[in-house]
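One structure is given below, encoded as structure tokens.
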Amino acid sequence: MEFSASDLARMRFSISPMWEVVTSYRLLRASRPAAVHLPWIEQVRPRLVEAGLDRGRLAALIPPSGYLPDFLNPAPAGHAPALHEELDAIRGSTTAAVRRDLEHLGHHLDRPAPWIGTLNADPKSGLAEVTEEIERYWELALAPYWQRMRTVLDSDVFHRARQVAEHGAGALFNGLHAKISWDDNTLRLVRRQETLHRTTKGAGLLLIPSVFAGPGVLTVVRDEEPLQLAYPARGVGLLWDRPAPARSEAVTAVLGRSRTRLLTELQAPASTTELARRTGISPAGVSQFLTAMRDAGLVSAHRAGRSVLYARTSVADDLLGTRPG
């Protein structure tokens, strides 16, 4: 795909919650998922099954491999839109666009789920149901980890921006992924099935780092919109590798032993009941401590079905000395 100076001037990075939704859901359905994400999968997959989200509307729209409906990934508005903004954009998809994507999806599936026909018949009502399910999936699978993920994504954008500043856009493209190359004002994606032309897409380029998009790159091409190119972010290999607290004794002197123990146990998000079982602190005591630490910005709370998951915030990671370097 040829680039003009105007296209390069409109190139920008964006962090998209919906890209993480579709790629993480696909990963959870994979028979042989990437080993780097196994700690996350082992925590999230049982919650997914318990909530019935492994067999709902997202399961119908996101197959384990192949085509993903474009309407699930609207072009992000701004650098880092909130999930609700992207869900508004999905609900605003035109009937023609939804039906076109569903027809394309049908060509990739041996037996489309019956609900696909329901969505095709009434896209407006169907999209409202889809976005409601996405919100439930987000709270269960991604919200407890989002601060950690944002650290990786923001670091990637910072690195790429500095690369452009120091070496130019060509160095950025040639270092983005093994399947992407830049030469003679042309961007090439190895093994993409269809050639991209300026007549089939808008000006500019949206570069979207993703935690779950690997190992390849993913694209969305829509009329009059810039090409979206989602690529694996740097540093994903350390995302779920949480070092032991380096300053637990010092933190204990400030917060007390019970609160510090709870923060230490939150290497991965956990419920009040689970933390009480692990630590021997009464459930009422755990709840009281977590409420105080949530008010202080050290933990966040996320609804997951009938329970609430608590996660350490980046402030707590810094306090304990566990923030990945």
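Going by the structure tokens order, chains are called A, B, ..., each with residues numbered from 1, while ligands are numbered from 1 in the order shown.
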
(request) Run DSSP on the backbone and grab whatever in range 238-300 of chain A lands in alpha helix (DSSP H); send it over as a count of residues only. (result) 38

(request) Excluding range 45-56 of chain A and any residue of its chain fewer than 3 positions from it, enumerate the residues within 7 Å of it, using only C-alpha atoms, and give them as a list in words. (result) Leu28, Ile41, Glu42, Ala59, Ala60 and Gly305 of chain A

(request) Excluding Leu8 in chain A and any residue of its chain fewer than 4 positions from it, enumerate the residues within 8 Å of it, using only C-alpha atoms, and give them as a PyMOL selection string. (result) chain A and resi 3-4+204-205

(request) Using only C-alpha atoms, determine which residues lie at most 8 Å from range 263-280 of chain A, disregarding the query and same-chain residues fewer than 2 positions distant; provide the list as a list in words. (result)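 Those residues are Pro144, Tyr145, Arg242, Pro245, Ser248, Arg259, Thr260, Arg261, Ser282, Pro283, Val286, Ser287, Ser307, Val308, Leu309, Tyr310, Ala311, Arg312 and Ala316 of chain A.
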
(message) Can you measure CA of Pro17 in chain A to CA of Tyr231 in chain A for me? One decimal in Å is fine.
(response)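 We find that CA of Pro17 in chain A and CA of Tyr231 in chain A lie 14.0 Å from each other.
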
(request) Could you give me, as number ranges by chain, the residues within 7 Å of Ser14 in chain A, counting only C-alpha atoms and dropping anything in the same chain fewer than 6 positions from it? (result) A: 76, 78-80, 206-208

(request) Would you kindly return, as a count of residues only, each protein, DNA or RNA residue with an atom no farther than 10 Å from any atom of Ala97 in chain A, considering only C-alpha atoms and excluding same-chain residues fewer than 6 positions away? (result) 6

(request) Please run DSSP on the backbone and report, as JSON, numbers by chain, all residues within range 79-266 of chain A that come out as strand (DSSP E). (result) {"A": [180, 181, 182, 183, 186, 187, 188, 189, 205, 206, 207, 208, 209, 210, 218, 219, 220, 227, 228, 229, 230, 231, 232]}
